[in-house]
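Structure file model.cif (mmCIF, C-alpha atoms and all ligand atoms) is printed below.
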```
data_work
#
loop_
_atom_site.label_atom_id
_atom_site.label_comp_id
_atom_site.auth_asym_id
_atom_site.auth_seq_id
_atom_site.Cartn_x
_atom_site.Cartn_y
_atom_site.Cartn_z
CA MET A 1 0.00 0.00 0.00
CA ALA A 2 1.32 3.42 -0.94
CA GLN A 3 2.34 5.35 2.13
CA VAL A 4 3.92 8.16 0.18
CA THR A 5 1.96 10.35 -2.20
CA LEU A 6 2.96 12.90 -4.79
CA LYS A 7 0.45 15.48 -5.90
CA ALA A 8 1.39 18.01 -8.55
CA ALA A 9 -0.58 21.03 -9.71
CA GLU A 10 0.39 24.33 -11.27
CA GLY A 11 4.08 23.55 -11.16
CA ILE A 12 4.17 22.62 -7.46
CA ALA A 13 4.68 19.00 -6.41
CA VAL A 14 3.86 17.97 -2.85
CA LEU A 15 5.42 14.81 -1.43
CA SER A 16 3.75 13.42 1.71
CA VAL A 17 4.20 10.46 4.00
CA ASP A 18 0.99 8.95 5.33
CA ARG A 19 1.73 6.75 8.32
CA PRO A 20 0.05 8.64 11.17
CA GLU A 21 -0.10 5.63 13.51
CA ALA A 22 3.72 5.75 13.77
CA LEU A 23 4.05 9.57 13.60
CA ASN A 24 5.22 9.11 9.99
CA ALA A 25 8.31 7.12 11.00
CA LEU A 26 10.18 6.10 7.88
CA ASN A 27 10.96 2.54 6.92
CA ARG A 28 12.58 0.91 3.89
CA GLU A 29 9.29 0.60 1.96
CA ILE A 30 8.41 4.24 2.53
CA VAL A 31 11.82 5.48 1.47
CA ASP A 32 11.72 3.21 -1.62
CA GLN A 33 8.35 4.69 -2.56
CA MET A 34 9.80 8.14 -1.97
CA ASP A 35 12.71 7.28 -4.25
CA GLU A 36 10.41 6.40 -7.16
CA LEU A 37 8.39 9.57 -6.69
CA ILE A 38 11.54 11.70 -6.57
CA ASP A 39 12.53 10.17 -9.93
CA GLN A 40 9.13 11.29 -11.24
CA VAL A 41 9.71 14.83 -9.97
CA ALA A 42 13.16 14.90 -11.57
CA ALA A 43 11.72 13.78 -14.92
CA ASP A 44 8.78 16.20 -14.91
CA ASP A 45 9.66 19.44 -16.68
CA SER A 46 6.50 21.14 -15.46
CA VAL A 47 7.56 20.98 -11.78
CA ARG A 48 9.02 24.27 -10.58
CA CYS A 49 9.20 23.53 -6.85
CA LEU A 50 8.84 20.53 -4.53
CA VAL A 51 7.21 20.81 -1.12
CA ILE A 52 7.77 17.98 1.38
CA HIS A 53 4.98 17.94 3.92
CA SER A 54 3.18 15.37 6.02
CA ASP A 55 0.13 15.98 8.18
CA LYS A 56 0.60 16.57 11.91
CA ASN A 57 4.14 15.15 12.09
CA PHE A 58 6.88 15.64 9.52
CA ALA A 59 8.46 12.32 10.57
CA ALA A 60 9.50 10.93 13.97
CA GLY A 61 12.64 9.43 12.43
CA ALA A 62 13.60 6.13 10.96
CA ASP A 63 11.45 3.22 12.09
CA ILE A 64 13.14 1.98 15.26
CA LYS A 65 11.14 -1.25 15.31
CA ALA A 66 12.30 -2.07 11.76
CA MET A 67 15.94 -1.21 12.58
CA ALA A 68 16.22 -2.82 15.99
CA GLU A 69 17.41 -6.23 14.80
CA CYS A 70 19.67 -4.99 11.97
CA ASP A 71 23.27 -6.13 11.81
CA GLU A 72 25.90 -4.06 9.99
CA GLU A 73 24.86 -5.32 6.55
CA GLY A 74 21.19 -4.85 7.38
CA ALA A 75 21.88 -1.28 8.50
CA LYS A 76 23.55 -0.56 5.16
CA VAL A 77 20.48 -1.83 3.31
CA PHE A 78 18.23 0.23 5.60
CA ALA A 79 20.21 3.46 5.00
CA PHE A 80 18.27 6.39 3.51
CA SER A 81 21.12 8.46 2.09
CA PRO A 82 20.87 7.34 -1.56
CA THR A 83 17.29 8.66 -1.70
CA TYR A 84 18.00 11.73 0.42
CA ASN A 85 20.94 12.60 -1.82
CA LYS A 86 18.63 12.32 -4.83
CA ILE A 87 16.37 14.94 -3.24
CA THR A 88 19.31 17.30 -2.74
CA LYS A 89 20.23 16.81 -6.39
CA LEU A 90 16.82 17.86 -7.70
CA SER A 91 17.34 20.86 -9.95
CA VAL A 92 14.24 22.67 -8.68
CA PRO A 93 13.95 24.36 -5.25
CA THR A 94 12.64 22.21 -2.41
CA ILE A 95 10.81 23.30 0.74
CA ALA A 96 10.27 21.21 3.86
CA ALA A 97 7.05 22.19 5.64
CA ILE A 98 7.46 20.91 9.18
CA GLU A 99 4.56 20.17 11.51
CA GLY A 100 5.04 18.33 14.80
CA TYR A 101 8.05 16.08 15.14
CA ALA A 102 11.00 16.14 12.75
CA LEU A 103 13.40 13.79 14.48
CA GLY A 104 16.36 11.70 13.40
CA GLY A 105 15.79 10.51 9.84
CA GLY A 106 12.84 12.93 9.71
CA MET A 107 15.07 15.89 10.57
CA GLU A 108 17.56 14.61 8.02
CA LEU A 109 14.80 14.52 5.41
CA ALA A 110 14.02 18.15 6.24
CA LEU A 111 17.72 18.95 5.82
CA THR A 112 17.62 17.72 2.22
CA ALA A 113 15.40 20.70 1.39
CA ASP A 114 16.68 24.11 0.34
CA ILE A 115 14.27 25.90 2.69
CA ARG A 116 12.48 24.86 5.91
CA ILE A 117 9.26 26.31 7.32
CA ALA A 118 8.10 25.14 10.75
CA GLY A 119 4.93 25.34 12.75
CA LYS A 120 5.13 26.97 16.21
CA SER A 121 4.92 23.64 18.05
CA ALA A 122 7.32 21.74 15.82
CA LYS A 123 10.05 19.81 17.63
CA MET A 124 13.27 19.06 15.82
CA GLY A 125 16.30 17.07 16.79
CA PHE A 126 18.56 14.09 16.44
CA PRO A 127 17.67 11.57 19.19
CA GLU A 128 19.89 8.86 17.68
CA VAL A 129 22.46 8.84 20.52
CA THR A 130 19.62 7.99 22.92
CA LEU A 131 19.28 4.78 20.88
CA GLY A 132 22.98 4.00 20.76
CA ILE A 133 23.50 5.15 17.17
CA PHE A 134 24.13 8.52 15.48
CA PRO A 135 22.37 10.28 12.58
CA GLY A 136 23.12 8.21 9.50
CA ALA A 137 21.09 9.87 6.76
CA GLY A 138 23.12 13.02 6.15
CA GLY A 139 22.58 14.74 9.50
CA THR A 140 26.23 14.73 10.56
CA ILE A 141 27.17 16.37 7.27
CA ARG A 142 24.26 18.72 6.50
CA ALA A 143 23.46 20.03 10.00
CA PRO A 144 26.99 21.37 10.66
CA LYS A 145 27.00 23.03 7.25
CA LEU A 146 23.65 24.69 7.93
CA ILE A 147 23.92 25.79 11.57
CA GLY A 148 27.66 25.49 12.18
CA PRO A 149 29.60 22.64 13.79
CA ALA A 150 29.24 23.70 17.45
CA LEU A 151 25.45 23.97 17.44
CA ALA A 152 25.08 20.83 15.33
CA LYS A 153 27.36 18.90 17.66
CA GLU A 154 25.38 20.09 20.69
CA MET A 155 22.15 18.87 19.09
CA ILE A 156 23.66 15.56 17.95
CA PHE A 157 25.66 14.82 21.15
CA THR A 158 22.71 15.51 23.48
CA GLY A 159 19.93 14.12 21.31
CA ASP A 160 17.72 16.87 22.75
CA ALA A 161 14.97 18.20 20.51
CA ILE A 162 14.63 21.95 20.06
CA LYS A 163 11.48 23.98 19.55
CA ALA A 164 10.65 26.07 16.52
CA ASP A 165 11.69 29.44 18.00
CA ARG A 166 15.15 28.08 18.81
CA ALA A 167 15.39 26.45 15.37
CA LEU A 168 14.63 29.84 13.83
CA ALA A 169 17.23 31.60 15.98
CA ILE A 170 20.00 29.21 14.87
CA GLY A 171 19.01 29.15 11.21
CA LEU A 172 17.76 25.57 11.18
CA VAL A 173 14.47 26.83 9.75
CA ASN A 174 13.78 29.89 7.62
CA ARG A 175 10.54 30.89 9.30
CA VAL A 176 7.99 29.86 11.88
CA VAL A 177 4.25 30.16 11.36
CA GLU A 178 1.06 29.08 13.13
CA ASP A 179 0.76 25.27 13.15
CA ASP A 180 -2.23 25.25 10.83
CA GLN A 181 -0.50 27.57 8.35
CA VAL A 182 2.59 25.48 7.62
CA LEU A 183 1.51 23.93 4.34
CA GLU A 184 -0.23 27.11 3.21
CA GLU A 185 2.92 29.16 3.85
CA ALA A 186 5.08 26.64 2.00
CA MET A 187 2.68 26.63 -0.95
CA LYS A 188 2.65 30.44 -1.05
CA LEU A 189 6.42 30.50 -1.14
CA ALA A 190 6.54 27.72 -3.75
CA LYS A 191 4.11 29.66 -5.94
CA ARG A 192 6.24 32.81 -5.72
CA ILE A 193 9.29 30.81 -6.78
CA ALA A 194 7.31 29.07 -9.54
CA LYS A 195 6.53 32.45 -11.13
CA ARG A 196 10.20 33.35 -11.53
CA GLY A 197 12.35 32.53 -14.54
CA PRO A 198 12.57 28.74 -14.27
CA VAL A 199 15.86 28.30 -16.08
CA ALA A 200 17.45 30.99 -13.91
CA VAL A 201 16.05 29.49 -10.69
CA ARG A 202 17.33 26.00 -11.54
CA MET A 203 20.69 27.34 -12.63
CA VAL A 204 21.16 29.53 -9.56
CA LYS A 205 20.36 26.62 -7.25
CA ASP A 206 23.13 24.68 -8.93
CA VAL A 207 25.53 27.65 -8.77
CA ILE A 208 24.85 28.22 -5.06
CA ASN A 209 25.32 24.52 -4.28
CA ARG A 210 28.54 24.34 -6.28
CA GLY A 211 29.73 27.52 -4.56
CA LEU A 212 29.10 25.96 -1.14
CA GLU A 213 31.30 22.99 -2.10
CA GLU A 214 33.97 25.19 -3.66
CA PRO A 215 36.66 26.23 -1.18
CA ASP A 216 38.18 28.78 -3.56
CA VAL A 217 35.92 31.87 -3.58
CA ILE A 218 37.46 33.24 -6.78
CA LYS A 219 36.83 29.91 -8.54
CA GLY A 220 33.26 30.09 -7.21
CA THR A 221 32.71 33.51 -8.74
CA GLU A 222 34.15 32.26 -12.04
CA ILE A 223 31.60 29.42 -12.10
CA GLU A 224 28.91 31.97 -11.25
CA ALA A 225 29.95 34.34 -14.05
CA GLU A 226 30.11 31.54 -16.60
CA GLN A 227 26.66 30.20 -15.77
CA TRP A 228 25.20 33.71 -15.48
CA ALA A 229 26.37 34.55 -19.00
CA LYS A 230 24.75 31.36 -20.35
CA LEU A 231 21.35 32.71 -19.31
CA PHE A 232 21.69 35.33 -22.03
CA ASN A 233 21.16 32.51 -24.55
CA THR A 234 17.70 31.85 -23.13
CA TYR A 235 14.28 32.97 -24.28
CA ASP A 236 13.36 33.70 -20.67
CA GLN A 237 16.14 36.28 -20.25
CA LYS A 238 14.97 38.13 -23.39
CA GLU A 239 11.35 37.90 -22.23
CA GLY A 240 12.13 38.92 -18.63
CA MET A 241 14.01 42.04 -19.63
CA LYS A 242 11.61 42.95 -22.46
CA ALA A 243 8.68 42.63 -20.04
CA PHE A 244 10.45 44.98 -17.61
CA MET A 245 10.92 47.58 -20.33
CA GLU A 246 7.33 47.18 -21.55
CA LYS A 247 6.10 47.47 -17.93
CA ARG A 248 4.26 44.12 -17.97
CA LYS A 249 4.62 40.74 -16.28
CA PRO A 250 6.90 38.28 -18.08
CA THR A 251 5.60 35.06 -19.60
CA PHE A 252 8.44 32.64 -19.08
CA GLN A 253 8.69 29.51 -21.23
CA ASN A 254 11.33 27.53 -19.36
CA ARG A 255 13.78 27.78 -22.23
N1 LIG A 301 9.99 4.33 14.89
C1 LIG A 301 8.98 3.46 15.06
N2 LIG A 301 7.82 3.79 15.68
C2 LIG A 301 7.71 5.06 16.12
C3 LIG A 301 8.72 6.00 15.98
C4 LIG A 301 9.92 5.59 15.32
N3 LIG A 301 10.92 6.44 15.08
N4 LIG A 301 8.32 7.15 16.53
C5 LIG A 301 7.09 6.93 17.01
N5 LIG A 301 6.71 5.67 16.75
C6 LIG A 301 5.46 5.01 17.12
C7 LIG A 301 5.44 4.63 18.58
O1 LIG A 301 6.09 3.40 18.79
C8 LIG A 301 3.96 4.53 18.83
O2 LIG A 301 3.47 3.32 18.29
P1 LIG A 301 2.66 2.28 19.25
O3 LIG A 301 1.43 3.04 19.63
O4 LIG A 301 2.43 1.13 18.35
O5 LIG A 301 3.55 2.02 20.41
C9 LIG A 301 3.37 5.65 17.96
O6 LIG A 301 4.38 5.94 16.99
C10 LIG A 301 3.12 6.91 18.73
O7 LIG A 301 4.31 7.26 19.40
P2 LIG A 301 4.39 7.54 20.99
O8 LIG A 301 3.31 6.79 21.69
O9 LIG A 301 5.77 7.32 21.42
O10 LIG A 301 4.01 9.08 20.98
P3 LIG A 301 4.45 10.18 22.03
O11 LIG A 301 3.67 11.40 21.68
O12 LIG A 301 4.37 9.66 23.42
O13 LIG A 301 6.02 10.45 21.76
C11 LIG A 301 7.93 10.85 20.35
C12 LIG A 301 6.40 11.01 20.53
C13 LIG A 301 8.66 11.68 21.41
C14 LIG A 301 8.27 11.35 18.96
C15 LIG A 301 8.29 9.36 20.51
O14 LIG A 301 7.44 8.59 19.70
C16 LIG A 301 9.71 9.05 20.12
O15 LIG A 301 10.63 9.31 20.88
N6 LIG A 301 9.90 8.45 18.92
C17 LIG A 301 11.21 8.06 18.46
C18 LIG A 301 11.99 9.23 17.93
C19 LIG A 301 13.36 8.82 17.52
O16 LIG A 301 14.16 8.36 18.30
N7 LIG A 301 13.69 9.00 16.21
C20 LIG A 301 14.98 8.68 15.66
C21 LIG A 301 14.96 7.31 15.07
S1 LIG A 301 16.58 6.76 14.63
C22 LIG A 301 16.89 7.44 13.15
O17 LIG A 301 16.13 8.22 12.61
C23 LIG A 301 18.17 7.00 12.54
C24 LIG A 301 18.67 7.71 11.32
O18 LIG A 301 19.69 8.39 11.39
C25 LIG A 301 18.06 7.53 10.03
#
```
Using structure tokens, write down the structure that the file contains.
Ligand code: CAA
Amino acid sequence: MAQVTLKAAEGIAVLSVDRPEALNALNREIVDQMDELIDQVAADDSVRCLVIHSDKNFAAGADIKAMAECDEEGAKVFAFSPTYNKITKLSVPTIAAIEGYALGGGMELALTADIRIAGKSAKMGFPEVTLGIFPGAGGTIRAPKLIGPALAKEMIFTGDAIKADRALAIGLVNRVVEDDQVLEEAMKLAKRIAKRGPVAVRMVKDVINRGLEEPDVIKGTEIEAEQWAKLFNTYDQKEGMKAFMEKRKPTFQNR
């Protein structure tokens, strides 16, 4: 039975986990379903933005009951990183809309997104050390890059969850809204992004990500300049600038 759904309309795809009885804890089947749906998003030219959102709880982590008896080989098979990495490689912007718990593998799923929006009562953290393991789906790599090593280490070493206001203060989430506004806020933001020049948005996501991996700032600006200039071969650049001069809204064609 499908426990992950993908709904797409007007350029926005929404990926949701539906396993409320386990607070949307993620198991192998769920992540495999997610993987297939991410492939669909990647292949769909009409998608301008992906929102990851599940009702009530983003995800209370990897399924502890399914992991409990794993040996080393079993743990490797259970690992979520191949799918999570696929999400980070999507060319379109991604937004995690976080209600309730985003813990462990759930927090790590949220970290695959470009932007995070949380509800006021969201609780986020990495409880893995309370289980005798550590975050194994990108958390040890992505959290330090996002919030800095000291704050990430504090979260990961203690396993303590933090509330939305603290997550906002340390840059773990971009904004905090009323609990019942989380999806609406994410959709509003996705729609704003979807209106922008799609080739430019995809390209700038790639340039920013490459810049973050590039230790040499000058090299980073060279990549930026090269990609920036390429946009002047696109219809959308001509249309965007013409529309400005004609004082009208642009009609981008994604080319
Ligand atoms: N795995 C499996 N089942 C889970 C789960 C998880 N991660 N989180 C919650 N559930 C299940 C509970 O077992 C319970 O099911 P039963 O009624 O069948 O017992 C149901 O969801 C509701 O949960 P609780 O009764 O515990 O709800 P609560 O409101 O009292 O507590 C909670 C909520 C604090 C989130 C608590 O459920 C909890 O601590 N969950 C585990 C969180 C966690 O440790 N996550 C990290 C997992 S490890 C990981 O993610 C590794 C990685 O790096 C990929």
Test item: residues no farther than 6 Å from ligand LIG 301 (chain A), counting all atoms listed in the file, as a ChimeraX atom specification: /A:21-23,25,60-65,103-105,127-128,135-137
Spatial neighbours of Val77 (chain A), max dist 12 Å, only C-alpha atoms, sep filter under 6 positions, as an MDAnalysis selection string: chainID A and resid 27:29 31:32 66:67 70:71
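Excluding region 3-12 of chain A itself and any same-chain residue fewer than 4 positions from it, the protein and nucleic acid residues within 6 Å of it, counting all atoms listed in the file, are Ser16, Val17, Asp18, Ser46, Val47, Arg48, Cys49 and Leu50 of chain A.
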Residue selection dump (C-alpha atoms) as a PDB file, keeping the file's coordinate frame:
```pdb
ATOM      1  CA  SER A  16       3.750  13.420   1.710  1.00  0.00           C
ATOM      2  CA  VAL A  17       4.200  10.460   4.000  1.00  0.00           C
ATOM      3  CA  ASP A  18       0.990   8.950   5.330  1.00  0.00           C
ATOM      4  CA  SER A  46       6.500  21.140 -15.460  1.00  0.00           C
ATOM      5  CA  VAL A  47       7.560  20.980 -11.780  1.00  0.00           C
ATOM      6  CA  ARG A  48       9.020  24.270 -10.580  1.00  0.00           C
ATOM      7  CA  CYS A  49       9.200  23.530  -6.850  1.00  0.00           C
ATOM      8  CA  LEU A  50       8.840  20.530  -4.530  1.00  0.00           C
TER       9      LEU A  50
END
```
CA of Asn209 (chain A) to CA of Lys163 (chain A), distance in Å rounded to a single decimal: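 Separation between CA of Asn209 (chain A) and CA of Lys163 (chain A): 27.6 Å.
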Nearest-residue call for Phe157 (chain A), choices A:Gln227, A:Ser91, A:Ser81, A:Thr130, using only C-alpha atoms: A:Thr130
Using only C-alpha atoms: which of A:Ser121, A:Gln33, A:Thr94, A:Asn57 has the shortest distance to Met107 (chain A):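 Under the stated criterion, the closest residue is A:Asn57.
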Given all atoms listed in the file as the counted atoms, nearest of A:Gly132, A:Pro144, A:Gly159, A:Gly197 to Gly171 (chain A): A:Pro144
Every residue with an atom at most 10 Å from (16.0, 36.8, -18.4) (file coordinates; all atoms listed in the file) is what I'm after, so could you write them as a PDB file with C-alpha atoms, in the frame of the given file?
```pdb
ATOM      1  CA  ARG A 196      10.200  33.350 -11.530  1.00  0.00           C
ATOM      2  CA  GLY A 197      12.350  32.530 -14.540  1.00  0.00           C
ATOM      3  CA  PRO A 198      12.570  28.740 -14.270  1.00  0.00           C
ATOM      4  CA  VAL A 199      15.860  28.300 -16.080  1.00  0.00           C
ATOM      5  CA  ALA A 200      17.450  30.990 -13.910  1.00  0.00           C
ATOM      6  CA  LEU A 231      21.350  32.710 -19.310  1.00  0.00           C
ATOM      7  CA  PHE A 232      21.690  35.330 -22.030  1.00  0.00           C
ATOM      8  CA  ASN A 233      21.160  32.510 -24.550  1.00  0.00           C
ATOM      9  CA  THR A 234      17.700  31.850 -23.130  1.00  0.00           C
ATOM     10  CA  TYR A 235      14.280  32.970 -24.280  1.00  0.00           C
ATOM     11  CA  ASP A 236      13.360  33.700 -20.670  1.00  0.00           C
ATOM     12  CA  GLN A 237      16.140  36.280 -20.250  1.00  0.00           C
ATOM     13  CA  LYS A 238      14.970  38.130 -23.390  1.00  0.00           C
ATOM     14  CA  GLU A 239      11.350  37.900 -22.230  1.00  0.00           C
ATOM     15  CA  GLY A 240      12.130  38.920 -18.630  1.00  0.00           C
ATOM     16  CA  MET A 241      14.010  42.040 -19.630  1.00  0.00           C
ATOM     17  CA  LYS A 242      11.610  42.950 -22.460  1.00  0.00           C
ATOM     18  CA  ALA A 243       8.680  42.630 -20.040  1.00  0.00           C
ATOM     19  CA  PHE A 244      10.450  44.980 -17.610  1.00  0.00           C
ATOM     20  CA  PRO A 250       6.900  38.280 -18.080  1.00  0.00           C
ATOM     21  CA  PHE A 252       8.440  32.640 -19.080  1.00  0.00           C
TER      22      PHE A 252
END
```
Arg166 (chain A) surroundings by only C-alpha atoms, 12 Å radius, close-in-sequence under 4 positions cut, as a VMD selection string: chain A and resid 118 120 to 125 147 151 155 161 to 162 170 to 176
Requested write-out: C-alpha atoms of the selected residues, as a short mmCIF file (atom, residue, chain, number, x, y, z; two decimals), keeping the file's coordinate frame:
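Produced file again-v6.cif, reproduced below:
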```cif
data_model
loop_
_atom_site.label_atom_id
_atom_site.label_comp_id
_atom_site.auth_asym_id
_atom_site.auth_seq_id
_atom_site.Cartn_x
_atom_site.Cartn_y
_atom_site.Cartn_z
CA ALA A 118 8.10 25.14 10.75
CA LYS A 120 5.13 26.97 16.21
CA SER A 121 4.92 23.64 18.05
CA ALA A 122 7.32 21.74 15.82
CA LYS A 123 10.05 19.81 17.63
CA MET A 124 13.27 19.06 15.82
CA GLY A 125 16.30 17.07 16.79
CA ILE A 147 23.92 25.79 11.57
CA LEU A 151 25.45 23.97 17.44
CA MET A 155 22.15 18.87 19.09
CA ALA A 161 14.97 18.20 20.51
CA ILE A 162 14.63 21.95 20.06
CA ILE A 170 20.00 29.21 14.87
CA GLY A 171 19.01 29.15 11.21
CA LEU A 172 17.76 25.57 11.18
CA VAL A 173 14.47 26.83 9.75
CA ASN A 174 13.78 29.89 7.62
CA ARG A 175 10.54 30.89 9.30
CA VAL A 176 7.99 29.86 11.88
#
```
Computed interatomic separation between CA of Ile38 (chain A) and CA of Tyr84 (chain A) (Å):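 Rounded to one decimal, the two atoms are 9.5 Å apart.
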Sel. within 12 Å of pt (13.0, 15.2, 1.7), counting all atoms listed in the file, output as a ChimeraX atom specification: /A:4,14-17,26,30-31,34-35,37-38,50-54,58-59,80-90,93-98,102,105-116,137-138
Please dump the current selection as a PDB file, in the frame of the given file; keep C-alpha atoms.
```
ATOM      1  CA  VAL A   4       3.920   8.160   0.180  1.00  0.00           C
ATOM      2  CA  VAL A  14       3.860  17.970  -2.850  1.00  0.00           C
ATOM      3  CA  LEU A  15       5.420  14.810  -1.430  1.00  0.00           C
ATOM      4  CA  SER A  16       3.750  13.420   1.710  1.00  0.00           C
ATOM      5  CA  VAL A  17       4.200  10.460   4.000  1.00  0.00           C
ATOM      6  CA  LEU A  26      10.180   6.100   7.880  1.00  0.00           C
ATOM      7  CA  ILE A  30       8.410   4.240   2.530  1.00  0.00           C
ATOM      8  CA  VAL A  31      11.820   5.480   1.470  1.00  0.00           C
ATOM      9  CA  MET A  34       9.800   8.140  -1.970  1.00  0.00           C
ATOM     10  CA  ASP A  35      12.710   7.280  -4.250  1.00  0.00           C
ATOM     11  CA  LEU A  37       8.390   9.570  -6.690  1.00  0.00           C
ATOM     12  CA  ILE A  38      11.540  11.700  -6.570  1.00  0.00           C
ATOM     13  CA  LEU A  50       8.840  20.530  -4.530  1.00  0.00           C
ATOM     14  CA  VAL A  51       7.210  20.810  -1.120  1.00  0.00           C
ATOM     15  CA  ILE A  52       7.770  17.980   1.380  1.00  0.00           C
ATOM     16  CA  HIS A  53       4.980  17.940   3.920  1.00  0.00           C
ATOM     17  CA  SER A  54       3.180  15.370   6.020  1.00  0.00           C
ATOM     18  CA  PHE A  58       6.880  15.640   9.520  1.00  0.00           C
ATOM     19  CA  ALA A  59       8.460  12.320  10.570  1.00  0.00           C
ATOM     20  CA  PHE A  80      18.270   6.390   3.510  1.00  0.00           C
ATOM     21  CA  SER A  81      21.120   8.460   2.090  1.00  0.00           C
ATOM     22  CA  PRO A  82      20.870   7.340  -1.560  1.00  0.00           C
ATOM     23  CA  THR A  83      17.290   8.660  -1.700  1.00  0.00           C
ATOM     24  CA  TYR A  84      18.000  11.730   0.420  1.00  0.00           C
ATOM     25  CA  ASN A  85      20.940  12.600  -1.820  1.00  0.00           C
ATOM     26  CA  LYS A  86      18.630  12.320  -4.830  1.00  0.00           C
ATOM     27  CA  ILE A  87      16.370  14.940  -3.240  1.00  0.00           C
ATOM     28  CA  THR A  88      19.310  17.300  -2.740  1.00  0.00           C
ATOM     29  CA  LYS A  89      20.230  16.810  -6.390  1.00  0.00           C
ATOM     30  CA  LEU A  90      16.820  17.860  -7.700  1.00  0.00           C
ATOM     31  CA  PRO A  93      13.950  24.360  -5.250  1.00  0.00           C
ATOM     32  CA  THR A  94      12.640  22.210  -2.410  1.00  0.00           C
ATOM     33  CA  ILE A  95      10.810  23.300   0.740  1.00  0.00           C
ATOM     34  CA  ALA A  96      10.270  21.210   3.860  1.00  0.00           C
ATOM     35  CA  ALA A  97       7.050  22.190   5.640  1.00  0.00           C
ATOM     36  CA  ILE A  98       7.460  20.910   9.180  1.00  0.00           C
ATOM     37  CA  ALA A 102      11.000  16.140  12.750  1.00  0.00           C
ATOM     38  CA  GLY A 105      15.790  10.510   9.840  1.00  0.00           C
ATOM     39  CA  GLY A 106      12.840  12.930   9.710  1.00  0.00           C
ATOM     40  CA  MET A 107      15.070  15.890  10.570  1.00  0.00           C
ATOM     41  CA  GLU A 108      17.560  14.610   8.020  1.00  0.00           C
ATOM     42  CA  LEU A 109      14.800  14.520   5.410  1.00  0.00           C
ATOM     43  CA  ALA A 110      14.020  18.150   6.240  1.00  0.00           C
ATOM     44  CA  LEU A 111      17.720  18.950   5.820  1.00  0.00           C
ATOM     45  CA  THR A 112      17.620  17.720   2.220  1.00  0.00           C
ATOM     46  CA  ALA A 113      15.400  20.700   1.390  1.00  0.00           C
ATOM     47  CA  ASP A 114      16.680  24.110   0.340  1.00  0.00           C
ATOM     48  CA  ILE A 115      14.270  25.900   2.690  1.00  0.00           C
ATOM     49  CA  ARG A 116      12.480  24.860   5.910  1.00  0.00           C
ATOM     50  CA  ALA A 137      21.090   9.870   6.760  1.00  0.00           C
ATOM     51  CA  GLY A 138      23.120  13.020   6.150  1.00  0.00           C
TER      52      GLY A 138
END
```
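Distance check against Val182 (chain A) using all atoms listed in the file: of A:Lys76, A:Ala225, A:Thr140, A:Gly100, the minimum falls on A:Gly100.
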Between CA of Gln181 (chain A) and CA of Ala167 (chain A), distance in Å (one decimal):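 We find that CA of Gln181 (chain A) and CA of Ala167 (chain A) lie 17.4 Å from each other.
Using all atoms listed in the file, the nearest neighbour of Val201 (chain A) within the list A:Thr221, A:Val177, A:Ala229, A:Asn254 is A:Asn254.
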Would you compute, for all listed atoms of region 155-173 of chain A, the axis-aligned bounding box grown by 3 Å on each side, and then report its centre and edge lengths in Å rounded to one decimal, as lines of an AutoDock Vina configuration file?
```
center_x = 18.2
center_y = 22.9
center_z = 16.6
size_x = 21.0
size_y = 23.5
size_z = 19.7
```
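Of the residues listed (A:Met1, A:Val204, A:Leu212, A:Ile193), A:Val204 shows the shortest atom-to-atom separation from Glu224 (chain A); distances use only C-alpha atoms.
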